[in-house]
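Engineer: Sending over structure.cif (mmCIF, C-alpha atoms and all ligand atoms).
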```cif
data_final
loop_
_atom_site.label_atom_id
_atom_site.label_comp_id
_atom_site.auth_asym_id
_atom_site.auth_seq_id
_atom_site.Cartn_x
_atom_site.Cartn_y
_atom_site.Cartn_z
CA MET I 868 13.47 -56.57 -22.48
CA HIS I 869 16.56 -57.80 -20.67
CA LEU I 870 19.68 -55.76 -21.11
CA LYS I 871 22.65 -57.63 -22.48
CA ILE I 872 25.63 -56.31 -20.59
CA ASN I 873 28.53 -57.09 -22.86
CA LEU I 874 32.17 -56.55 -22.03
CA ALA I 875 32.59 -53.54 -24.28
CA MET I 876 29.74 -51.85 -22.49
CA ILE I 877 31.12 -52.56 -19.05
CA GLU I 878 34.48 -51.09 -20.15
CA CYS I 879 32.69 -47.79 -20.69
CA LEU I 880 31.64 -47.65 -17.09
CA SER I 881 33.66 -45.63 -14.66
CA MET I 882 33.07 -45.82 -10.92
CA LYS I 883 29.74 -43.96 -10.86
CA LYS I 884 28.01 -43.20 -7.58
CA ILE I 885 24.46 -44.43 -7.46
CA ILE I 886 22.06 -43.74 -4.61
CA ILE I 887 18.76 -45.54 -4.15
CA ILE I 888 16.34 -43.99 -1.63
CA GLY I 889 13.98 -46.61 -0.23
CA GLY I 890 14.40 -50.32 0.38
CA GLY I 891 10.86 -51.38 -0.51
CA PHE I 892 9.82 -53.43 -3.55
CA ALA I 893 11.07 -50.86 -6.06
CA GLY I 894 14.35 -50.00 -4.32
CA LEU I 895 15.45 -53.57 -3.63
CA SER I 896 14.55 -54.63 -7.16
CA ALA I 897 16.73 -51.80 -8.55
CA ALA I 898 19.59 -52.73 -6.20
CA LYS I 899 19.42 -56.38 -7.26
CA LYS I 900 19.72 -55.47 -10.94
CA LEU I 901 22.47 -52.87 -10.47
CA CYS I 902 24.61 -55.15 -8.33
CA ARG I 903 25.30 -57.31 -11.36
CA ILE I 904 27.97 -54.79 -12.23
CA ARG I 905 28.82 -53.70 -8.68
CA ASN I 906 32.54 -53.69 -9.42
CA LYS I 907 32.00 -50.73 -11.69
CA LEU I 908 29.54 -48.84 -9.49
CA ALA I 909 29.48 -47.46 -5.95
CA ILE I 910 25.89 -48.22 -4.92
CA THR I 911 24.33 -46.91 -1.70
CA LEU I 912 20.83 -47.75 -0.56
CA ILE I 913 19.29 -45.43 2.04
CA ASP I 914 16.23 -46.34 4.10
CA LYS I 915 14.87 -44.86 7.30
CA LYS I 916 13.95 -48.36 8.50
CA PRO I 917 16.32 -51.32 8.92
CA THR I 918 13.77 -53.65 7.32
CA SER I 919 11.83 -53.93 4.08
CA ASP I 920 8.22 -54.57 5.07
CA PHE I 921 5.82 -56.69 3.03
CA LEU I 922 2.88 -54.27 3.09
CA PRO I 923 0.18 -56.30 1.25
CA MET I 924 0.06 -58.80 4.12
CA LEU I 925 -0.02 -56.34 7.05
CA PRO I 926 -3.76 -56.95 7.64
CA ASP I 927 -2.93 -60.66 7.97
CA ILE I 928 -0.87 -59.96 11.10
CA ILE I 929 -4.26 -59.11 12.62
CA GLY I 930 -6.55 -61.57 10.89
CA ARG I 931 -4.41 -64.63 10.21
CA ASP I 932 -1.80 -64.59 12.98
CA ILE I 933 1.05 -64.06 10.53
CA ARG I 934 4.17 -63.42 12.61
CA PRO I 935 5.41 -59.85 12.12
CA GLU I 936 8.98 -61.07 11.53
CA ALA I 937 7.75 -63.07 8.53
CA LEU I 938 6.93 -59.75 6.84
CA SER I 939 10.13 -57.88 7.83
CA PHE I 940 13.17 -58.46 5.69
CA PRO I 941 16.51 -57.10 7.01
CA ILE I 942 17.95 -54.70 4.42
CA GLN I 943 21.51 -54.71 5.81
CA GLY I 944 21.97 -58.45 5.20
CA PHE I 945 20.51 -58.20 1.71
CA CYS I 946 22.84 -55.33 0.80
CA GLN I 947 25.82 -57.22 2.21
CA THR I 948 25.00 -60.19 -0.01
CA LEU I 949 24.72 -57.89 -3.02
CA GLY I 950 27.96 -56.12 -2.10
CA ILE I 951 26.37 -52.69 -1.80
CA ASN I 952 26.38 -50.10 0.96
CA PHE I 953 23.35 -49.66 3.26
CA VAL I 954 22.68 -46.47 5.18
CA ASN I 955 19.92 -46.57 7.79
CA GLU I 956 18.97 -42.87 7.80
CA ALA I 957 15.93 -40.79 6.83
CA VAL I 958 16.29 -38.59 3.76
CA ALA I 959 15.34 -35.02 4.66
CA SER I 960 15.99 -33.14 1.41
CA LEU I 961 17.38 -33.38 -2.11
CA ASP I 962 19.43 -30.93 -4.13
CA LEU I 963 18.76 -32.11 -7.68
CA GLU I 964 20.91 -29.41 -9.22
CA ASN I 965 24.05 -30.23 -7.24
CA LYS I 966 23.21 -33.95 -7.07
CA ARG I 967 23.18 -34.17 -3.30
CA VAL I 968 21.06 -36.16 -0.86
CA SER I 969 20.77 -34.91 2.74
CA THR I 970 19.63 -37.18 5.52
CA ASP I 971 18.98 -36.32 9.16
CA LYS I 972 22.71 -37.03 9.77
CA ASN I 973 24.80 -36.76 6.58
CA GLN I 974 25.11 -35.61 3.00
CA TYR I 975 25.75 -37.90 0.03
CA GLU I 976 26.68 -37.08 -3.54
CA TYR I 977 25.51 -39.06 -6.53
CA ASP I 978 25.89 -39.39 -10.27
CA TYR I 979 22.55 -41.19 -10.57
CA LEU I 980 19.69 -41.18 -8.11
CA ILE I 981 16.72 -43.51 -7.82
CA ILE I 982 13.85 -42.22 -5.69
CA ALA I 983 11.90 -45.23 -4.44
CA SER I 984 10.60 -44.08 -1.09
CA GLY I 985 6.98 -45.15 -1.59
CA SER I 986 4.05 -43.47 0.08
CA GLN I 987 2.71 -43.04 3.60
CA THR I 988 -0.59 -42.28 5.32
CA THR I 989 -2.00 -38.80 4.89
CA PHE I 990 -4.45 -37.21 7.33
CA TYR I 991 -5.40 -34.53 4.77
CA GLY I 992 -4.35 -31.75 7.13
CA LYS I 993 -6.18 -33.18 10.19
CA HIS I 994 -2.91 -33.33 12.12
CA GLU I 995 -4.62 -33.76 15.48
CA LEU I 996 -5.82 -37.23 14.37
CA LYS I 997 -2.24 -38.43 13.95
CA THR I 998 -1.75 -38.98 17.66
CA CYS I 999 -4.98 -40.90 18.28
CA ALA I 1000 -5.46 -42.97 15.12
CA TYR I 1001 -3.85 -46.28 14.25
CA THR I 1002 -2.27 -46.50 10.79
CA LEU I 1003 -0.93 -49.34 8.66
CA ASP I 1004 2.26 -48.10 7.01
CA CYS I 1005 4.67 -50.74 8.30
CA VAL I 1006 4.97 -53.94 10.31
CA GLU I 1007 5.40 -51.95 13.56
CA ASP I 1008 1.98 -50.32 12.97
CA ALA I 1009 0.32 -53.71 12.46
CA LYS I 1010 1.95 -55.00 15.66
CA LYS I 1011 0.63 -52.01 17.63
CA LEU I 1012 -2.85 -52.54 16.26
CA ARG I 1013 -2.83 -56.21 17.16
CA THR I 1014 -1.60 -55.51 20.70
CA GLN I 1015 -4.39 -53.01 21.14
CA LEU I 1016 -6.94 -55.60 19.94
CA GLN I 1017 -5.57 -58.14 22.39
CA GLN I 1018 -6.12 -55.68 25.22
CA ASN I 1019 -9.81 -55.75 24.28
CA ARG I 1020 -10.55 -52.19 25.40
CA SER I 1021 -12.83 -50.97 22.57
CA ASN I 1022 -16.40 -51.88 21.65
CA THR I 1023 -16.33 -50.28 18.23
CA TYR I 1024 -13.65 -50.29 15.54
CA ILE I 1025 -13.90 -47.48 13.05
CA VAL I 1026 -11.96 -47.99 9.83
CA CYS I 1027 -11.65 -44.68 8.02
CA GLY I 1028 -11.17 -45.31 4.28
CA GLY I 1029 -13.21 -47.55 1.99
CA GLY I 1030 -10.43 -48.42 -0.45
CA TYR I 1031 -9.05 -51.95 -0.81
CA THR I 1032 -6.82 -51.52 2.26
CA GLY I 1033 -9.76 -50.38 4.42
CA ILE I 1034 -11.87 -53.35 3.27
CA ASP I 1035 -9.04 -55.80 3.88
CA VAL I 1036 -8.42 -54.33 7.37
CA ALA I 1037 -12.13 -54.39 8.33
CA THR I 1038 -12.53 -58.05 7.31
CA SER I 1039 -9.27 -58.94 9.10
CA LEU I 1040 -10.56 -57.31 12.29
CA GLN I 1041 -13.77 -59.32 11.98
CA ARG I 1042 -11.81 -62.53 11.47
CA TYR I 1043 -9.77 -61.81 14.61
CA LEU I 1044 -12.86 -61.00 16.68
CA ASN I 1045 -14.76 -64.10 15.48
CA LYS I 1046 -11.80 -66.28 16.32
CA HIS I 1047 -11.69 -64.89 19.84
CA SER I 1048 -15.48 -65.01 20.19
CA LYS I 1049 -15.81 -61.29 20.72
CA GLU I 1050 -18.81 -59.37 19.44
CA LYS I 1051 -17.94 -55.78 18.53
CA ASN I 1052 -19.04 -53.23 15.95
CA ILE I 1053 -16.93 -52.62 12.87
CA ILE I 1054 -17.72 -49.56 10.81
CA ILE I 1055 -16.12 -48.40 7.56
CA VAL I 1056 -16.30 -44.62 7.10
CA GLU I 1057 -15.87 -43.44 3.51
CA ALA I 1058 -15.90 -39.78 2.41
CA SER I 1059 -17.10 -40.47 -1.15
CA PRO I 1060 -20.53 -41.85 -2.20
CA SER I 1061 -19.20 -45.40 -2.60
CA ILE I 1062 -16.48 -47.73 -1.38
CA LEU I 1063 -13.78 -48.91 -3.82
CA GLY I 1064 -14.16 -45.72 -5.92
CA PRO I 1065 -13.15 -46.47 -9.53
CA LEU I 1066 -13.54 -50.27 -9.45
CA PRO I 1067 -16.18 -52.06 -11.57
CA GLU I 1068 -19.75 -52.27 -10.26
CA TRP I 1069 -19.83 -56.09 -10.03
CA MET I 1070 -16.77 -56.00 -7.79
CA LYS I 1071 -18.25 -53.35 -5.51
CA GLN I 1072 -21.49 -55.39 -5.24
CA SER I 1073 -19.58 -58.54 -4.43
CA VAL I 1074 -17.61 -56.76 -1.68
CA LEU I 1075 -20.76 -55.04 -0.33
CA ASN I 1076 -22.63 -58.37 -0.08
CA ASN I 1077 -19.66 -59.84 1.68
CA LEU I 1078 -19.37 -56.98 4.17
CA ARG I 1079 -23.10 -57.28 4.88
CA ARG I 1080 -22.67 -61.00 5.60
CA LEU I 1081 -19.86 -60.12 7.99
CA ASN I 1082 -22.02 -57.52 9.72
CA ILE I 1083 -19.63 -54.68 8.88
CA LYS I 1084 -21.45 -51.36 8.62
CA ILE I 1085 -20.56 -48.86 5.88
CA LEU I 1086 -21.05 -45.13 6.19
CA ASN I 1087 -20.58 -43.52 2.77
CA ASN I 1088 -20.46 -39.72 2.43
CA HIS I 1089 -19.15 -39.44 5.99
CA THR I 1090 -15.87 -38.39 7.52
CA VAL I 1091 -14.23 -38.66 10.92
CA GLU I 1092 -14.46 -35.20 12.49
CA LYS I 1093 -12.40 -35.59 15.63
CA VAL I 1094 -11.38 -37.92 18.41
CA GLU I 1095 -11.58 -37.08 22.09
CA GLY I 1096 -10.24 -39.80 24.35
CA ASP I 1097 -12.14 -42.95 23.35
CA ASN I 1098 -14.90 -41.00 21.60
CA VAL I 1099 -14.87 -40.86 17.81
CA PHE I 1100 -17.04 -38.19 16.19
CA ILE I 1101 -18.43 -38.91 12.71
CA SER I 1102 -19.83 -36.10 10.55
CA GLY I 1103 -23.65 -35.94 10.71
CA GLU I 1104 -23.76 -39.17 12.76
CA LYS I 1105 -23.68 -40.06 16.36
CA THR I 1106 -20.52 -40.17 18.42
CA TYR I 1107 -19.08 -43.59 19.01
CA GLN I 1108 -17.94 -44.11 22.57
CA ASN I 1109 -15.25 -46.54 23.63
CA ALA I 1110 -14.13 -46.70 20.00
CA MET I 1111 -10.82 -47.15 18.24
CA LEU I 1112 -9.94 -45.36 15.00
CA ILE I 1113 -7.92 -47.04 12.25
CA TRP I 1114 -6.99 -44.54 9.57
CA VAL I 1115 -6.38 -45.93 6.06
CA ALA I 1116 -8.01 -43.10 4.16
CA GLY I 1117 -5.25 -42.25 1.72
CA VAL I 1118 -1.55 -41.84 1.06
CA LYS I 1119 0.94 -39.22 -0.01
CA THR I 1120 4.64 -39.22 -0.80
CA PRO I 1121 7.20 -38.43 1.95
CA ASP I 1122 7.78 -34.76 2.84
CA TYR I 1123 11.18 -34.49 1.11
CA VAL I 1124 9.51 -35.60 -2.17
CA GLN I 1125 6.63 -33.13 -1.69
CA LYS I 1126 9.21 -30.34 -1.31
CA LEU I 1127 10.86 -31.01 -4.69
CA ASN I 1128 10.37 -28.34 -7.28
CA THR I 1129 9.23 -30.66 -10.04
CA GLU I 1130 5.89 -31.74 -11.53
CA LYS I 1131 3.69 -33.87 -9.23
CA ASP I 1132 0.14 -35.21 -9.03
CA ASN I 1133 -2.35 -34.53 -6.20
CA LYS I 1134 -0.76 -37.21 -4.01
CA GLY I 1135 2.66 -35.64 -4.50
CA ARG I 1136 3.83 -38.48 -6.77
CA LEU I 1137 6.58 -37.37 -9.11
CA LYS I 1138 5.57 -37.25 -12.75
CA VAL I 1139 8.13 -39.24 -14.73
CA ASP I 1140 8.91 -39.42 -18.43
CA ARG I 1141 8.67 -42.63 -20.46
CA TYR I 1142 12.15 -43.63 -19.24
CA LEU I 1143 11.01 -43.24 -15.59
CA ARG I 1144 13.10 -40.08 -15.04
CA ILE I 1145 12.41 -36.68 -13.58
CA ASN I 1146 15.68 -35.41 -15.03
CA GLU I 1147 18.73 -36.91 -16.77
CA SER I 1148 20.29 -38.23 -13.59
CA CYS I 1149 17.26 -38.87 -11.40
CA PHE I 1150 14.78 -41.72 -11.75
CA ALA I 1151 11.58 -42.10 -9.70
CA ILE I 1152 9.87 -45.47 -9.34
CA GLY I 1153 7.17 -47.33 -7.42
CA ASP I 1154 4.51 -45.58 -5.37
CA CYS I 1155 6.30 -42.23 -5.32
CA ALA I 1156 6.30 -42.00 -9.13
CA ASN I 1157 3.39 -41.20 -11.38
CA PHE I 1158 3.80 -42.87 -14.76
CA SER I 1159 1.04 -41.96 -17.14
CA CYS I 1160 0.04 -44.28 -19.94
CA LYS I 1161 -2.75 -43.42 -22.42
CA ASN I 1162 -3.69 -40.49 -20.17
CA GLN I 1163 -4.15 -42.79 -17.19
CA SER I 1164 -1.88 -42.89 -14.17
CA LEU I 1165 -0.57 -46.29 -13.29
CA ARG I 1166 -1.98 -47.42 -9.94
CA MET I 1167 0.21 -48.09 -6.91
CA ALA I 1168 0.96 -51.80 -6.86
CA VAL I 1169 3.73 -54.22 -6.04
CA GLN I 1170 3.99 -55.62 -9.57
CA PHE I 1171 4.75 -52.18 -11.08
CA SER I 1172 7.18 -51.25 -8.29
CA ILE I 1173 9.26 -54.38 -8.80
CA HIS I 1174 9.28 -54.05 -12.59
CA GLN I 1175 10.09 -50.34 -12.50
CA GLY I 1176 12.98 -51.03 -10.10
CA SER I 1177 14.77 -53.34 -12.48
CA PHE I 1178 13.79 -51.22 -15.49
CA ALA I 1179 15.24 -47.99 -14.04
CA ALA I 1180 18.41 -49.87 -13.10
CA GLN I 1181 18.79 -51.12 -16.67
CA ASN I 1182 18.30 -47.61 -18.01
CA ILE I 1183 20.99 -46.27 -15.66
CA ILE I 1184 23.43 -48.88 -16.94
CA ARG I 1185 22.53 -47.95 -20.51
CA SER I 1186 22.94 -44.25 -19.75
CA ILE I 1187 26.40 -44.76 -18.23
CA ALA I 1188 27.39 -46.84 -21.24
CA GLY I 1189 26.21 -44.08 -23.58
CA LYS I 1190 23.41 -46.25 -24.98
CA LYS I 1191 19.91 -45.16 -25.90
CA LEU I 1192 17.46 -45.55 -23.01
CA ARG I 1193 14.48 -47.89 -23.28
CA LYS I 1194 10.89 -46.74 -22.93
CA TYR I 1195 8.98 -48.22 -20.01
CA ARG I 1196 5.94 -50.26 -21.00
CA PRO I 1197 3.96 -51.54 -18.02
CA LEU I 1198 2.53 -55.03 -18.09
CA ASP I 1199 -0.63 -55.22 -15.99
CA LEU I 1200 -1.34 -58.72 -14.69
CA GLY I 1201 -4.44 -57.55 -12.83
CA TYR I 1202 -5.40 -57.00 -9.22
CA ILE I 1203 -7.11 -58.70 -6.31
CA ILE I 1204 -9.15 -57.25 -3.43
CA PRO I 1205 -8.22 -59.66 -0.63
CA LEU I 1206 -10.90 -60.24 1.99
CA ALA I 1207 -10.08 -62.08 5.19
CA ASN I 1208 -13.10 -64.39 5.08
CA ASN I 1209 -11.56 -65.75 1.84
CA TYR I 1210 -14.33 -64.41 -0.37
CA SER I 1211 -12.02 -62.12 -2.35
CA CYS I 1212 -12.51 -60.79 -5.87
CA GLY I 1213 -10.37 -59.44 -8.64
CA LYS I 1214 -9.44 -59.30 -12.29
CA VAL I 1215 -6.49 -61.45 -13.27
CA LEU I 1216 -5.16 -61.61 -16.83
CA GLY I 1217 -8.39 -59.92 -17.92
CA ILE I 1218 -10.64 -62.51 -16.23
CA ASN I 1219 -13.07 -61.58 -13.44
CA ILE I 1220 -12.75 -63.93 -10.48
CA LYS I 1221 -14.23 -64.18 -7.00
CA GLY I 1222 -14.27 -66.54 -4.06
CA ARG I 1223 -11.42 -68.70 -2.85
CA LEU I 1224 -9.38 -68.62 -6.08
CA PRO I 1225 -8.38 -64.93 -5.84
CA THR I 1226 -7.54 -65.42 -2.14
CA LEU I 1227 -5.28 -68.31 -3.06
CA LEU I 1228 -3.66 -66.35 -5.91
CA HIS I 1229 -3.09 -63.38 -3.59
CA PHE I 1230 -1.14 -65.55 -1.15
CA ILE I 1231 0.78 -67.42 -3.86
CA MET I 1232 1.89 -64.07 -5.31
CA SER I 1233 2.68 -62.73 -1.84
CA ILE I 1234 4.97 -65.68 -1.09
CA TYR I 1235 6.56 -65.41 -4.53
CA ARG I 1236 7.20 -61.68 -4.07
CA SER I 1237 8.46 -61.88 -0.47
CA TRP I 1238 12.18 -61.17 -0.20
CA GLY I 1239 14.37 -64.00 1.10
CA LEU I 1240 13.75 -67.72 1.46
CA ARG I 1241 13.40 -67.49 5.25
CA ASN I 1242 10.56 -64.96 4.97
CA LYS I 1243 8.84 -67.00 2.23
CA LEU I 1244 8.94 -70.13 4.40
CA MET I 1245 7.70 -68.30 7.49
CA VAL I 1246 4.73 -66.86 5.59
CA LEU I 1247 3.93 -70.28 4.11
CA ARG I 1248 4.11 -71.95 7.52
CA ASP I 1249 1.88 -69.33 9.17
CA LEU I 1250 -0.68 -69.53 6.39
CA VAL I 1251 -1.17 -73.31 6.37
C1 LIG D 1 -1.89 -52.34 3.97
C2 LIG D 1 -1.47 -52.34 2.51
C3 LIG D 1 -1.93 -53.35 1.67
C4 LIG D 1 -1.54 -53.37 0.33
N1 LIG D 1 -1.98 -54.40 -0.47
C5 LIG D 1 -1.53 -54.48 -1.74
C6 LIG D 1 -1.88 -55.59 -2.57
O1 LIG D 1 -2.63 -56.48 -2.17
N2 LIG D 1 -1.36 -55.63 -3.84
C7 LIG D 1 -0.55 -54.65 -4.32
O2 LIG D 1 -0.08 -54.74 -5.47
N3 LIG D 1 -0.20 -53.60 -3.57
C8 LIG D 1 -0.67 -53.49 -2.30
N4 LIG D 1 -0.30 -52.41 -1.52
C9 LIG D 1 0.51 -51.34 -2.13
C10 LIG D 1 1.96 -51.78 -2.21
O3 LIG D 1 2.39 -52.24 -0.96
C11 LIG D 1 2.80 -50.62 -2.71
O4 LIG D 1 2.36 -50.31 -4.03
C12 LIG D 1 4.28 -50.97 -2.72
O5 LIG D 1 4.72 -51.26 -1.41
C13 LIG D 1 5.09 -49.83 -3.30
O6 LIG D 1 6.44 -50.19 -3.31
P1 LIG D 1 7.58 -49.08 -3.18
O7 LIG D 1 8.87 -49.80 -3.24
O8 LIG D 1 7.31 -47.98 -4.14
O9 LIG D 1 7.36 -48.44 -1.74
P2 LIG D 1 7.43 -49.13 -0.27
O10 LIG D 1 7.22 -50.58 -0.35
O11 LIG D 1 6.47 -48.32 0.52
O12 LIG D 1 8.92 -48.82 0.18
C14 LIG D 1 9.37 -47.52 0.41
C15 LIG D 1 10.58 -47.54 1.31
O13 LIG D 1 11.09 -46.20 1.40
C16 LIG D 1 11.45 -45.92 2.74
N5 LIG D 1 11.36 -44.48 2.97
C17 LIG D 1 10.27 -43.69 2.98
N6 LIG D 1 10.61 -42.42 3.23
C18 LIG D 1 11.93 -42.39 3.40
C19 LIG D 1 12.88 -41.36 3.70
N7 LIG D 1 12.50 -40.09 3.88
N8 LIG D 1 14.17 -41.70 3.80
C20 LIG D 1 14.58 -42.98 3.63
N9 LIG D 1 13.74 -43.98 3.36
C21 LIG D 1 12.44 -43.70 3.23
C22 LIG D 1 10.44 -46.72 3.57
O14 LIG D 1 10.95 -46.98 4.86
C23 LIG D 1 10.26 -47.98 2.73
O15 LIG D 1 11.12 -49.01 3.14
C24 LIG D 1 -0.69 -52.35 -0.18
C25 LIG D 1 -0.23 -51.35 0.67
C26 LIG D 1 -0.61 -51.34 2.00
C27 LIG D 1 -0.10 -50.23 2.92
#
```
Starting from the file, give its structure as structure tokens.
Ligand SMILES: Cc1cc2nc3c(=O)[nH]c(=O)nc-3n(C[C@H](O)[C@H](O)[C@H](O)COP(=O)(O)OP(=O)(O)OC[C@H]3O[C@@H](n4cnc5c(N)ncnc54)[C@H](O)[C@@H]3O)c2cc1C

Structural biologist:
Amino acid sequence: MHLKINLAMIECLSMKKIIIIGGGFAGLSAAKKLCRIRNKLAITLIDKKPTSDFLPMLPDIIGRDIRPEALSFPIQGFCQTLGINFVNEAVASLDLENKRVSTDKNQYEYDYLIIASGSQTTFYGKHELKTCAYTLDCVEDAKKLRTQLQQNRSNTYIVCGGGYTGIDVATSLQRYLNKHSKEKNIIIVEASPSILGPLPEWMKQSVLNNLRRLNIKILNNHTVEKVEGDNVFISGEKTYQNAMLIWVAGVKTPDYVQKLNTEKDNKGRLKVDRYLRINESCFAIGDCANFSCKNQSLRMAVQFSIHQGSFAAQNIIRSIAGKKLRKYRPLDLGYIIPLANNYSCGKVLGINIKGRLPTLLHFIMSIYRSWGLRNKLMVLRDLV
């Protein structure tokens, strides 16, 4: 799998301009691989944020008192160490034909582009909810949510979205409230007939039993209609007064990706070929790419983002060297639904597991995948 970069191959490389959009798992992984031959490449990483946020542990800022700074990794320092250029700007549009990236401030030209700008919350056209709902897209969002909890203004917390993030958030809220001896209502609102949509039945049952134990109410086949002040209106249900809305009902790719005139799925993820490209000079990886394998789209997950980052980087090096590109073959290690009362469940290496073991594995993997020793140690210290 690993590319052997021999001298002859490096000789073939001229100073190519490479741009990576997004400093998340996929983007940083690509940068790390490409920097091995940084003397032959001009690499620029662009991100709208100065930090790379460790998203899988955002609910733990609420439920487990993880310090926000433990989950924020400064991109500038990382790029400096790798010897690559970092630009802290938001990409506004792409001109794939003329190989140009436009940000809110500048324009950049590239020979090869890697789109790794992940996904963000979608309100499915209910724009008015944006201003009154809390989201969980980055560390700043988790901090805001925690501050709001500390102010203790609401009696009811409505989590809109019954996917694994919604479940994790709801149980984290309950953990926080129990710890501070506060009795409040937590309600998960899910538009479809069941939480955790495509997951196996045993897993759904395990999560449902757990949520029942935690006194978290689930409203399937319901949606949030509107919010007026502290009142949250649920379709066909009563209105919850003095309530707070946390919206984790789905994601889409950033606007500049949605605007591209290329094939996408219903979330706006870019459909890539087996080399992870959308055209000869542009690769798309991580959450903003849709790689289809045996007619099934690969799910959004950290393991695939990291692997695709280094894989796309290797293919760029091969392309510059005039070598045949390699086909991407995903390796699925499994997944875990983390629950904050430690009764998690998941499927790891093909084995169904539930209880404390998946919780432990989730945190071991989170520490392993955190960027930077300082962040790893901070997470470890806050967890124990
Ligand atoms: C709350 C939560 C919990 C999760 N839990 C898990 C879990 O337990 N296990 C798991 O495998 N996955 C989990 N995920 C999903 C996982 O975090 C994603 O699959 C992963 O982060 C995708 O990596 P990425 O590099 O593609 O994108 P990201 O990590 O989202 O990085 C994208 C980067 O692009 C930048 N960006 C976006 N738009 C622009 C722009 N216009 N211009 C410049 N920069 C831009 C962003 O600032 C960001 O730094 C979770 C996600 C969330 C939100």

Engineer: Within 10 Å of Ile981 (chain I), counting only C-alpha atoms, which residues show up once you throw out same-chain ones fewer than 6 positions away? Write them as a list in words, please.

Structural biologist: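 The contact residues come out as Ile885, Ile886, Ile887, Ile888, Gly889, Ala893, Gly894, Ala897, Ala898, Leu912, Leu1143, Arg1144, Ile1145, Ser1148, Cys1149, Phe1150, Ala1151, Ile1152, Gly1176, Ala1179, Ala1180 and Ile1183 of chain I.
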
Engineer: Export C-alpha atoms of the chosen residues as an mmCIF file, keeping the file's coordinate frame?

Structural biologist:
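As a result, result-v7.cif now contains:
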```cif
data_model
loop_
_atom_site.group_PDB
_atom_site.id
_atom_site.type_symbol
_atom_site.label_atom_id
_atom_site.label_comp_id
_atom_site.auth_asym_id
_atom_site.auth_seq_id
_atom_site.Cartn_x
_atom_site.Cartn_y
_atom_site.Cartn_z
ATOM 1 C CA ILE I 885 24.460 -44.430 -7.460
ATOM 2 C CA ILE I 886 22.060 -43.740 -4.610
ATOM 3 C CA ILE I 887 18.760 -45.540 -4.150
ATOM 4 C CA ILE I 888 16.340 -43.990 -1.630
ATOM 5 C CA GLY I 889 13.980 -46.610 -0.230
ATOM 6 C CA ALA I 893 11.070 -50.860 -6.060
ATOM 7 C CA GLY I 894 14.350 -50.000 -4.320
ATOM 8 C CA ALA I 897 16.730 -51.800 -8.550
ATOM 9 C CA ALA I 898 19.590 -52.730 -6.200
ATOM 10 C CA LEU I 912 20.830 -47.750 -0.560
ATOM 11 C CA LEU I 1143 11.010 -43.240 -15.590
ATOM 12 C CA ARG I 1144 13.100 -40.080 -15.040
ATOM 13 C CA ILE I 1145 12.410 -36.680 -13.580
ATOM 14 C CA SER I 1148 20.290 -38.230 -13.590
ATOM 15 C CA CYS I 1149 17.260 -38.870 -11.400
ATOM 16 C CA PHE I 1150 14.780 -41.720 -11.750
ATOM 17 C CA ALA I 1151 11.580 -42.100 -9.700
ATOM 18 C CA ILE I 1152 9.870 -45.470 -9.340
ATOM 19 C CA GLY I 1176 12.980 -51.030 -10.100
ATOM 20 C CA ALA I 1179 15.240 -47.990 -14.040
ATOM 21 C CA ALA I 1180 18.410 -49.870 -13.100
ATOM 22 C CA ILE I 1183 20.990 -46.270 -15.660
#
```

Engineer: Quick one: residues within 12 Å of region 942-959 of chain I, all atoms listed in the file counted, chain neighbours fewer than 4 positions away excluded, as number ranges by chain?

Structural biologist: I: 884-892, 894-920, 967-975, 982-984, 1121-1127, 1238-1240

Engineer: Provide the atom O3 of ligand LIG 1 (chain D) to CA of Phe921 (chain I) distance in Å, to one decimal place.

Structural biologist: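 Separation between atom O3 of ligand LIG 1 (chain D) and CA of Phe921 (chain I): 6.9 Å.
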
Engineer: Within 12 Å of (-3.6, -43.3, 15.2), only C-alpha atoms: residues as JSON, numbers by chain?

Structural biologist: {"I": [988, 989, 990, 993, 994, 995, 996, 997, 998, 999, 1000, 1001, 1002, 1003, 1004, 1008, 1009, 1011, 1012, 1015, 1025, 1026, 1027, 1093, 1094, 1096, 1097, 1099, 1111, 1112, 1113, 1114, 1115, 1116]}

Engineer: Kindly indicate which residue among I:Tyr1107, I:Tyr991, I:Tyr977, I:Tyr1031 lies nearest to Lys1119 (chain I), using all atoms listed in the file for the distances.

Structural biologist: I:Tyr991

Engineer: Find, counting only C-alpha atoms and all ligand atoms, the residue in I:Lys1084, I:Arg934, I:Arg1141, I:Arg1236 that gets nearest to ligand LIG 1 (chain D).

Structural biologist: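 Among the listed residues, I:Arg1236 lies closest to ligand LIG 1 (chain D).
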
Engineer: Counting all atoms listed in the file, what is within 12 Å of Asn1019 (chain I), bar same-chain residues fewer than 6 positions away, as a ChimeraX atom specification?

Structural biologist: /I:1012-1013,1043-1044,1047-1051,1109-1111

Engineer: With 8 Å on each side, where is the centre of the axis-aligned box around all listed atoms of ligand LIG 1 (chain D), and how long are its edges in Å to one decimal, as JSON?

Structural biologist:
```
{"center_x": 6.0, "center_y": -48.3, "center_z": -0.3, "size_x": 33.2, "size_y": 32.4, "size_z": 26.3}
```

Engineer: Which one of I:Val1169, I:Val1246, I:Leu963, I:Ile1062 sits closest to ligand LIG 1 (chain D) if you count only C-alpha atoms and all ligand atoms?

Structural biologist: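 Between I:Val1169, I:Val1246, I:Leu963, I:Ile1062, the residue approaching ligand LIG 1 (chain D) most closely is I:Val1169.
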
Engineer: Under the rule that all atoms listed in the file are counted, which of I:Thr1023, I:Thr1014, I:Asn965, I:Ser1233 is the nearest residue to ligand LIG 1 (chain D)?

Structural biologist: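 Result for the nearest residue to ligand LIG 1 (chain D): I:Ser1233.
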